[in-house]
>>> print(open('protein-v9.txt').read())   # compact mmCIF, C-alpha atoms and all ligand atoms
# COMPACT_ATOMS: atom_id res chain seq x y z
CA MET A 257 105.70 73.69 132.82
CA SER A 258 105.97 77.27 131.51
CA ASP A 259 102.90 79.30 130.64
CA LEU A 260 103.73 78.90 126.95
CA ASP A 261 104.00 75.13 127.31
CA ALA A 262 100.70 75.10 129.16
CA MET A 263 99.06 76.99 126.28
CA ALA A 264 100.53 74.52 123.78
CA ALA A 265 99.16 71.64 125.84
CA ARG A 266 95.73 73.28 125.98
CA LEU A 267 95.63 73.83 122.21
CA ASP A 268 96.90 70.33 121.51
CA THR A 269 94.25 68.79 123.75
CA ALA A 270 91.54 70.94 122.13
CA ALA A 271 92.59 69.60 118.71
CA ARG A 272 92.76 65.99 119.91
CA ASP A 273 89.42 66.09 121.70
CA ALA A 274 87.76 68.31 119.06
CA ALA A 275 86.62 70.52 121.93
CA PRO A 276 86.93 74.31 121.53
CA ILE A 277 88.72 76.49 124.08
CA ALA A 278 88.58 80.17 124.99
CA GLN A 279 90.89 82.64 123.22
CA LEU A 280 94.31 82.82 124.90
CA ALA A 281 93.79 86.28 126.41
CA GLU A 282 91.28 84.68 128.77
CA PHE A 283 94.05 82.52 130.22
CA THR A 284 96.55 85.34 130.61
CA PRO A 285 94.53 88.38 131.62
CA GLY A 286 96.61 91.54 131.46
CA ALA A 287 99.60 89.84 129.79
CA ARG A 288 99.10 89.71 126.07
CA LEU A 289 101.06 87.11 124.19
CA SER A 290 103.60 88.58 121.75
CA LEU A 291 103.80 87.27 118.19
CA ASP A 292 107.18 85.66 118.94
CA GLU A 293 105.68 83.91 121.97
CA ALA A 294 102.77 82.73 119.83
CA TYR A 295 105.26 81.02 117.49
CA VAL A 296 106.93 79.43 120.54
CA VAL A 297 103.53 78.01 121.55
CA GLN A 298 102.96 76.80 117.98
CA ARG A 299 106.34 75.06 117.95
CA ALA A 300 105.68 73.43 121.33
CA SER A 301 102.30 72.13 120.15
CA ILE A 302 103.90 70.64 117.02
CA GLU A 303 106.57 69.00 119.19
CA ARG A 304 103.75 67.28 121.05
CA ARG A 305 102.43 65.87 117.77
CA ILE A 306 105.92 64.77 116.70
CA ASP A 307 106.44 63.09 120.09
CA ARG A 308 103.28 61.06 119.42
CA GLY A 309 104.71 59.86 116.12
CA GLU A 310 103.31 62.38 113.61
CA ILE A 311 105.74 63.41 110.88
CA ALA A 312 106.21 67.00 109.70
CA VAL A 313 105.53 67.07 105.94
CA GLY A 314 105.81 70.78 105.22
CA VAL A 315 104.45 74.22 105.96
CA LYS A 316 101.39 76.30 105.17
CA LEU A 317 100.96 80.01 104.75
CA GLY A 318 97.92 81.90 105.93
CA PHE A 319 96.38 85.22 104.99
CA THR A 320 98.14 85.46 101.65
CA SER A 321 94.92 86.71 100.01
CA ARG A 322 92.76 89.74 100.75
CA ALA A 323 89.66 87.55 100.74
CA LYS A 324 90.98 85.61 103.73
CA MET A 325 92.24 88.69 105.59
CA LEU A 326 88.83 90.30 105.24
CA GLN A 327 86.95 87.17 106.26
CA MET A 328 88.96 86.71 109.46
CA GLY A 329 89.90 90.31 110.27
CA VAL A 330 93.63 89.53 110.36
CA ASP A 331 96.01 91.30 107.99
CA SER A 332 99.43 89.71 108.55
CA LEU A 333 100.91 86.78 106.75
CA ILE A 334 101.37 83.79 109.06
CA TRP A 335 102.79 80.29 108.80
CA GLY A 336 102.31 76.93 110.43
CA TRP A 337 103.19 73.25 110.14
CA LEU A 338 101.63 70.38 108.25
CA THR A 339 101.93 66.79 109.50
CA ASP A 340 101.17 63.47 107.87
CA ALA A 341 98.11 63.05 110.12
CA MET A 342 96.48 65.96 108.28
CA LEU A 343 96.74 64.36 104.83
CA GLU A 344 93.41 63.17 103.45
CA GLU A 345 93.09 61.07 100.32
CA ASP A 346 92.25 62.92 97.10
CA GLY A 347 88.77 61.76 96.09
CA GLY A 348 88.31 60.10 99.46
CA ARG A 349 85.89 60.33 102.34
CA VAL A 350 86.59 62.71 105.20
CA ALA A 351 85.22 61.95 108.67
CA LEU A 352 84.17 65.11 110.48
CA GLU A 353 84.32 63.78 114.05
CA ARG A 354 87.90 64.84 114.57
CA PHE A 355 87.08 68.49 113.82
CA ILE A 356 85.33 71.19 115.87
CA HIS A 357 83.86 73.54 113.25
CA PRO A 358 85.75 72.75 110.05
CA ARG A 359 85.90 75.01 107.02
CA VAL A 360 87.36 74.37 103.59
CA GLU A 361 89.21 76.64 101.17
CA PRO A 362 90.81 76.32 97.71
CA GLU A 363 94.59 76.52 97.49
CA VAL A 364 97.59 75.36 95.49
CA CYS A 365 100.30 73.21 97.02
CA PHE A 366 103.99 73.08 96.07
CA LEU A 367 106.41 70.17 96.44
CA THR A 368 110.02 71.22 97.03
CA SER A 369 112.93 69.60 95.19
CA ARG A 370 115.84 70.94 97.26
CA ASP A 371 116.50 71.93 100.84
CA ILE A 372 115.48 75.54 101.42
CA ASP A 373 117.83 77.10 103.95
CA ARG A 374 117.77 80.78 103.02
CA PRO A 375 115.36 83.43 101.72
CA LEU A 376 114.74 82.85 98.00
CA THR A 377 113.94 85.45 95.37
CA LEU A 378 110.91 85.12 93.12
CA LEU A 379 113.17 84.26 90.19
CA GLU A 380 114.82 81.44 92.12
CA ALA A 381 111.67 79.94 93.63
CA ALA A 382 110.73 77.61 90.74
CA GLN A 383 114.22 76.07 90.78
CA TYR A 384 113.50 74.76 94.26
CA LEU A 385 110.23 73.10 93.25
CA ASP A 386 109.40 69.71 91.84
CA ALA A 387 105.72 70.25 91.24
CA VAL A 388 102.53 72.13 91.97
CA ALA A 389 99.01 70.79 92.50
CA PRO A 390 95.49 72.02 93.17
CA ALA A 391 94.66 71.57 96.85
CA LEU A 392 91.86 71.91 99.38
CA GLU A 393 92.67 72.92 102.92
CA ILE A 394 90.46 72.04 105.86
CA ILE A 395 90.96 74.58 108.62
CA ASP A 396 89.54 74.17 112.11
CA SER A 397 90.21 76.82 114.71
CA ARG A 398 90.56 75.37 118.18
CA TYR A 399 89.00 78.58 119.55
CA ARG A 400 85.38 79.08 120.43
CA ASP A 401 83.27 80.49 117.57
CA PHE A 402 86.26 80.36 115.17
CA LYS A 403 87.33 83.78 116.56
CA PHE A 404 90.94 84.71 117.15
CA SER A 405 93.58 87.44 117.28
CA LEU A 406 96.73 87.20 115.15
CA GLU A 407 98.63 85.75 118.15
CA ASP A 408 95.83 83.27 118.91
CA VAL A 409 95.76 81.84 115.40
CA VAL A 410 99.56 81.59 115.19
CA ALA A 411 99.69 79.71 118.52
CA ASP A 412 96.98 77.41 117.13
CA ASN A 413 99.22 76.40 114.20
CA CYS A 414 97.19 78.63 111.88
CA SER A 415 94.06 76.44 112.19
CA SER A 416 95.78 73.60 110.28
CA ALA A 417 93.61 70.51 110.31
CA GLY A 418 93.52 68.68 106.96
CA LEU A 419 94.23 68.84 103.25
CA THR A 420 93.80 67.03 99.97
CA ILE A 421 96.22 67.42 97.09
CA GLY A 422 95.30 66.82 93.43
CA PRO A 423 97.63 65.60 90.68
CA TRP A 424 101.15 67.00 90.70
CA THR A 425 102.15 68.92 87.56
CA ARG A 426 105.00 71.12 86.46
CA ARG A 427 102.71 73.80 85.05
CA PHE A 428 104.38 76.68 86.90
CA ASP A 429 103.69 78.76 83.77
CA THR A 430 99.91 78.72 84.31
CA LEU A 431 100.08 79.73 87.95
CA ALA A 432 100.15 83.51 87.70
CA ASN A 433 96.45 83.93 86.99
CA ALA A 434 94.61 80.61 86.89
CA GLY A 435 90.85 80.48 87.52
CA VAL A 436 89.83 78.81 90.79
CA LEU A 437 86.39 77.27 91.32
CA MET A 438 85.19 75.60 94.52
CA ARG A 439 81.97 73.60 94.38
CA MET A 440 79.90 72.02 97.11
CA ASN A 441 77.51 69.32 95.94
CA GLY A 442 77.84 70.73 92.44
CA ARG A 443 77.00 74.29 93.40
CA VAL A 444 79.72 76.88 92.87
CA VAL A 445 80.45 78.46 96.27
CA GLN A 446 83.64 80.38 95.45
CA THR A 447 85.30 81.66 92.31
CA GLY A 448 88.62 83.41 92.13
CA SER A 449 92.09 83.40 90.69
CA THR A 450 95.48 82.23 91.85
CA ALA A 451 96.54 85.85 91.33
CA ALA A 452 94.69 86.53 94.60
CA ILE A 453 97.52 84.70 96.40
CA LEU A 454 100.11 87.48 96.89
CA GLY A 455 99.72 88.45 93.22
CA HIS A 456 101.38 85.13 92.26
CA PRO A 457 101.41 81.90 94.31
CA LEU A 458 105.18 81.53 93.79
CA ARG A 459 105.46 84.47 96.18
CA SER A 460 104.20 82.08 98.87
CA VAL A 461 107.32 80.00 98.29
CA VAL A 462 109.44 83.13 98.66
CA GLN A 463 107.63 84.03 101.88
CA ALA A 464 107.91 80.49 103.21
CA SER A 465 111.66 80.51 102.55
CA ARG A 466 112.00 83.82 104.37
CA LEU A 467 109.95 82.75 107.38
CA VAL A 468 111.63 79.35 107.73
CA ALA A 469 115.11 80.91 107.45
CA GLN A 470 114.17 83.58 110.01
CA SER A 471 113.34 80.80 112.44
CA GLY A 472 116.77 79.25 111.88
CA LEU A 473 115.24 76.15 110.28
CA VAL A 474 115.74 74.30 107.01
CA LEU A 475 112.79 73.12 104.93
CA PRO A 476 113.96 69.76 103.58
CA ALA A 477 113.59 68.67 99.93
CA GLY A 478 110.29 66.86 99.46
CA SER A 479 108.34 69.25 101.69
CA LEU A 480 104.86 70.57 100.96
CA ILE A 481 104.16 74.30 100.89
CA MET A 482 100.49 75.27 101.00
CA ALA A 483 100.28 78.71 99.39
CA GLY A 484 97.22 80.03 101.26
CA ALA A 485 93.61 80.24 100.16
CA ALA A 486 92.66 82.11 97.00
CA THR A 487 89.14 82.80 98.31
CA ALA A 488 87.25 82.93 101.60
CA ALA A 489 86.62 79.61 103.39
CA HIS A 490 83.29 77.76 103.64
CA ALA A 491 81.82 75.79 106.53
CA LEU A 492 81.98 72.02 106.02
CA ALA A 493 78.80 70.06 106.66
CA PRO A 494 78.20 66.29 106.55
CA ASP A 495 77.32 64.62 103.24
CA THR A 496 79.04 67.24 101.13
CA HIS A 497 81.08 66.69 98.01
CA VAL A 498 83.74 69.39 97.81
CA HIS A 499 85.51 69.97 94.52
CA CYS A 500 88.26 72.46 93.71
CA LEU A 501 89.29 73.17 90.13
CA VAL A 502 92.36 75.24 89.32
CA ASN A 503 92.43 75.96 85.60
CA GLY A 504 95.42 74.43 83.88
CA LEU A 505 96.40 72.40 86.97
CA GLY A 506 93.42 70.12 87.49
CA SER A 507 91.24 69.37 90.47
CA THR A 508 91.03 67.77 93.88
CA GLU A 509 87.96 66.65 95.79
CA PHE A 510 86.62 64.83 98.81
CA THR A 511 83.27 63.91 100.33
CA THR A 512 82.40 64.39 103.99
CA ALA A 513 80.89 61.43 105.83
CA SER A 514 77.20 61.50 106.60
CA THR A 515 77.13 61.96 110.32
CA ASN A 516 78.88 64.31 112.60
CA HIS A 517 78.13 62.98 116.05
CA ARG A 518 79.85 65.79 117.82
CA LEU A 519 77.86 68.86 118.75
CA SER A 520 79.81 72.06 119.24
C1 LIG B 1 93.70 80.80 109.60
C2 LIG B 1 94.42 80.12 108.50
C3 LIG B 1 94.48 80.94 107.23
C4 LIG B 1 94.78 80.72 104.68
O1 LIG B 1 94.86 79.95 103.71
O2 LIG B 1 94.73 81.95 104.57
C5 LIG B 1 94.73 80.09 106.03
C6 LIG B 1 92.19 80.71 109.50
O3 LIG B 1 91.60 81.31 108.61
O4 LIG B 1 91.60 80.03 110.36
O5 LIG B 1 94.87 78.90 106.10
MG MG B 2 94.65 77.92 104.18
>>> encode(input="protein-v9.txt", output="structure tokens", more="lines below")
Ligand code: OOG
Ligand code: MG
Amino acid sequence: MSDLDAMAARLDTAARDAAPIAQLAEFTPGARLSLDEAYVVQRASIERRIDRGEIAVGVKLGFTSRAKMLQMGVDSLIWGWLTDAMLEEDGGRVALERFIHPRVEPEVCFLTSRDIDRPLTLLEAAQYLDAVAPALEIIDSRYRDFKFSLEDVVADNCSSAGLTIGPWTRRFDTLANAGVLMRMNGRVVQTGSTAAILGHPLRSVVQASRLVAQSGLVLPAGSLIMAGAATAAHALAPDTHVHCLVNGLGSTEFTTASTNHRLS
């Protein structure tokens, strides 16, 4: 097994056991992982999920807003994979046991209508989309203390852990600057605008098309594209009702279960 495969195995096990690991530099003292190598680790960790029967359902972008870059101290756009095992029911109950130190953030999610096999322009992007929906992303870094370098977080599939998606609409017209409100147990914890996402969330589709094409892959029709959070993320505790409203699109919500048996 190569070093990169070993890292993928370590990250995959951390996610499966909900047990945090040290940042990758601790495993490779003196030999820093390159960004390309980090994507190789990410790919290998996703292959492990696919081998177990999970199905790739799309991609997510990370650090598309300044709020997120500032919160995590990372200033490059990144991308990772979403699988069916990450999908949580809109309005449903989310068990916290499978996470280490989960956080939640408000996003919008796109559904593609055609294969994307080349970099798209902003003008073309909407023609490749069926729908858009308000979404909540649950992120859960597999690293101790939720601390990571750019390479660490890429190798860790960009902290992907869960998501809920609200009603699909075709309101692409309202997306440029729609108000975003995230509430926890009724209390507003984040306010923002979809404009925070690269100036316009459709730019996330453009970036996704570029990144996927660069990797020599095709994003099949019917894929999800999570645009990246519009605001900073919030820690998820038990017994919490989380609600995300995106003006003009609608809302999505979930409630965390009452006990989190795992201590981390
Ligand atoms: C990395 C993932 C970033 C976003 O929406 O910006 C992300 C992290 O913050 O752990 O999902
Ligand atoms: Mg996100």
>>> closest_atom_pairs(input="protein-v9.txt", of="region 416-468 of chain A", to="region 347-351 of chain A", cutoff="12 Å", atoms="all atoms listed in the file", output="JSON lines")
{"residue": "A:Ala417", "atom": "CA", "partner": "A:Val350", "partner_atom": "CA", "distance": 11.7}
{"residue": "A:Gly418", "atom": "CA", "partner": "A:Val350", "partner_atom": "CA", "distance": 9.3}
{"residue": "A:Leu419", "atom": "CA", "partner": "A:Val350", "partner_atom": "CA", "distance": 10.0}
{"residue": "A:Thr420", "atom": "CA", "partner": "A:Gly347", "partner_atom": "CA", "distance": 8.3}
{"residue": "A:Ile421", "atom": "CA", "partner": "A:Gly347", "partner_atom": "CA", "distance": 9.4}
{"residue": "A:Gly422", "atom": "CA", "partner": "A:Gly347", "partner_atom": "CA", "distance": 8.7}
{"residue": "A:Pro423", "atom": "CA", "partner": "A:Gly347", "partner_atom": "CA", "distance": 11.1}
>>> residues_near_ligand(input="protein-v9.txt", ligand="ligand LIG 1 (chain B)", cutoff="8 Å", atoms="all atoms listed in the file", output="VMD selection string")
chain A and resid 316 to 321 324 to 325 327 to 328 334 361 363 393 395 to 397 402 409 414 to 416 482 to 486 489
>>> atom_distance(input="protein-v9.txt", atom1="CA of Ile372 (chain A)", atom2="CA of Pro476 (chain A)")
6.4 Å
>>> closest_residue(input="protein-v9.txt", among="A:Ala274, A:Leu289, A:Ala341, A:Leu392", to="ligand MG 2 (chain B)", atoms="only C-alpha atoms and all ligand atoms")
A:Leu392
>>> residues_around(input="protein-v9.txt", residues="region 497-500 of chain A", least_positions_apart="2", cutoff="9 Å", atoms="only C-alpha atoms", output="list in words")
Gly347, Val360, Glu361, Pro362, Glu363, Pro390, Ala391, Leu392, Val436, Leu437, Met438, Arg439, Met440, Asn441, Gly442, Leu492, Asp495, Val502, Gly506, Ser507, Thr508, Glu509, Phe510, Thr511 and Thr512 of chain A
>>> closest_residue(input="protein-v9.txt", among="A:Arg288, A:Arg308, A:Arg400, A:Arg459", to="Ile356 (chain A)", atoms="all atoms listed in the file")
A:Arg400
>>> axis_aligned_box(input="protein-v9.txt", around="region 437-456 of chain A", padding_each_side="5 Å", output="JSON")
{"center_x": 89.2, "center_y": 78.9, "center_z": 93.9, "size_x": 34.4, "size_y": 29.1, "size_z": 16.4}
>>> residues_around(input="protein-v9.txt", residues="Phe283 (chain A)", least_positions_apart="5", cutoff="12 Å", atoms="all atoms listed in the file", output="list in words")
Asp259, Leu260, Ala262, Met263, Arg266, Leu267, Ile277, Ala278, Arg288, Leu289 and Asp408 of chain A
>>> residues_around(input="protein-v9.txt", residues="Ala477 (chain A)", least_positions_apart="6", cutoff="8 Å", atoms="only C-alpha atoms", output="ChimeraX atom specification")
/A:368-372
>>> atom_distance(input="protein-v9.txt", atom1="CA of Leu338 (chain A)", atom2="CA of Ala312 (chain A)")
5.9 Å
>>> residues_near_point(input="protein-v9.txt", point="(119.8, 83.1, 101.4)", cutoff="12 Å", atoms="all atoms listed in the file", output="ChimeraX atom specification")
/A:371-377,380-381,462,465-470,472,474
>>> build_atoms(input="protein-v9.txt", residues="region 297-327 of chain A", atoms="N, CA and C atoms", output="compact mmCIF listing (two decimals), in the coordinates of the input")
# COMPACT_ATOMS: atom_id res chain seq x y z
N VAL A 297 104.64 78.91 121.19
CA VAL A 297 103.53 78.01 121.55
C VAL A 297 103.25 77.06 120.39
N GLN A 298 103.21 77.63 119.18
CA GLN A 298 102.96 76.80 117.98
C GLN A 298 103.99 75.67 117.89
N ARG A 299 105.25 76.02 118.05
CA ARG A 299 106.34 75.06 117.95
C ARG A 299 106.20 73.97 119.01
N ALA A 300 105.84 74.40 120.24
CA ALA A 300 105.68 73.43 121.33
C ALA A 300 104.51 72.49 121.06
N SER A 301 103.46 73.00 120.44
CA SER A 301 102.30 72.13 120.15
C SER A 301 102.65 71.14 119.04
N ILE A 302 103.47 71.57 118.08
CA ILE A 302 103.90 70.64 117.02
C ILE A 302 104.82 69.58 117.60
N GLU A 303 105.69 69.99 118.53
CA GLU A 303 106.57 69.00 119.19
C GLU A 303 105.74 67.90 119.85
N ARG A 304 104.62 68.29 120.41
CA ARG A 304 103.75 67.28 121.05
C ARG A 304 103.26 66.27 120.02
N ARG A 305 102.89 66.78 118.84
CA ARG A 305 102.43 65.87 117.77
C ARG A 305 103.57 64.95 117.32
N ILE A 306 104.76 65.54 117.16
CA ILE A 306 105.92 64.77 116.70
C ILE A 306 106.24 63.69 117.75
N ASP A 307 106.17 64.06 119.02
CA ASP A 307 106.44 63.09 120.09
C ASP A 307 105.45 61.92 120.04
N ARG A 308 104.27 62.16 119.53
CA ARG A 308 103.28 61.06 119.42
C ARG A 308 103.46 60.25 118.15
N GLY A 309 104.43 60.67 117.31
CA GLY A 309 104.71 59.86 116.12
C GLY A 309 104.28 60.51 114.81
N GLU A 310 103.66 61.71 114.87
CA GLU A 310 103.31 62.38 113.61
C GLU A 310 104.60 62.88 112.95
N ILE A 311 104.56 62.99 111.63
CA ILE A 311 105.74 63.41 110.88
C ILE A 311 105.45 64.75 110.21
N ALA A 312 106.37 65.70 110.37
CA ALA A 312 106.21 67.00 109.70
C ALA A 312 106.39 66.79 108.20
N VAL A 313 105.44 67.26 107.40
CA VAL A 313 105.53 67.07 105.94
C VAL A 313 105.66 68.39 105.19
N GLY A 314 105.64 69.51 105.90
CA GLY A 314 105.81 70.78 105.22
C GLY A 314 105.19 71.92 106.01
N VAL A 315 104.98 73.02 105.31
CA VAL A 315 104.45 74.22 105.96
C VAL A 315 103.27 74.77 105.17
N LYS A 316 102.50 75.62 105.84
CA LYS A 316 101.39 76.30 105.17
C LYS A 316 101.50 77.79 105.46
N LEU A 317 101.05 78.57 104.51
CA LEU A 317 100.96 80.01 104.75
C LEU A 317 99.50 80.37 104.94
N GLY A 318 99.27 81.41 105.73
CA GLY A 318 97.92 81.90 105.93
C GLY A 318 97.85 83.38 105.66
N PHE A 319 96.66 83.82 105.27
CA PHE A 319 96.38 85.22 104.99
C PHE A 319 97.28 85.78 103.89
N THR A 320 97.41 85.00 102.82
CA THR A 320 98.14 85.46 101.65
C THR A 320 97.18 86.10 100.64
N SER A 321 95.88 86.04 100.92
CA SER A 321 94.92 86.71 100.01
C SER A 321 94.07 87.70 100.81
N ARG A 322 93.62 88.73 100.12
CA ARG A 322 92.76 89.74 100.75
C ARG A 322 91.45 89.13 101.20
N ALA A 323 90.94 88.18 100.40
CA ALA A 323 89.66 87.55 100.74
C ALA A 323 89.72 86.92 102.13
N LYS A 324 90.83 86.25 102.43
CA LYS A 324 90.98 85.61 103.73
C LYS A 324 91.20 86.64 104.84
N MET A 325 92.01 87.65 104.56
CA MET A 325 92.24 88.69 105.59
C MET A 325 90.93 89.34 105.98
N LEU A 326 90.11 89.65 104.97
CA LEU A 326 88.83 90.30 105.24
C LEU A 326 87.91 89.38 106.00
N GLN A 327 87.88 88.10 105.61
CA GLN A 327 86.95 87.17 106.26
C GLN A 327 87.28 87.03 107.74
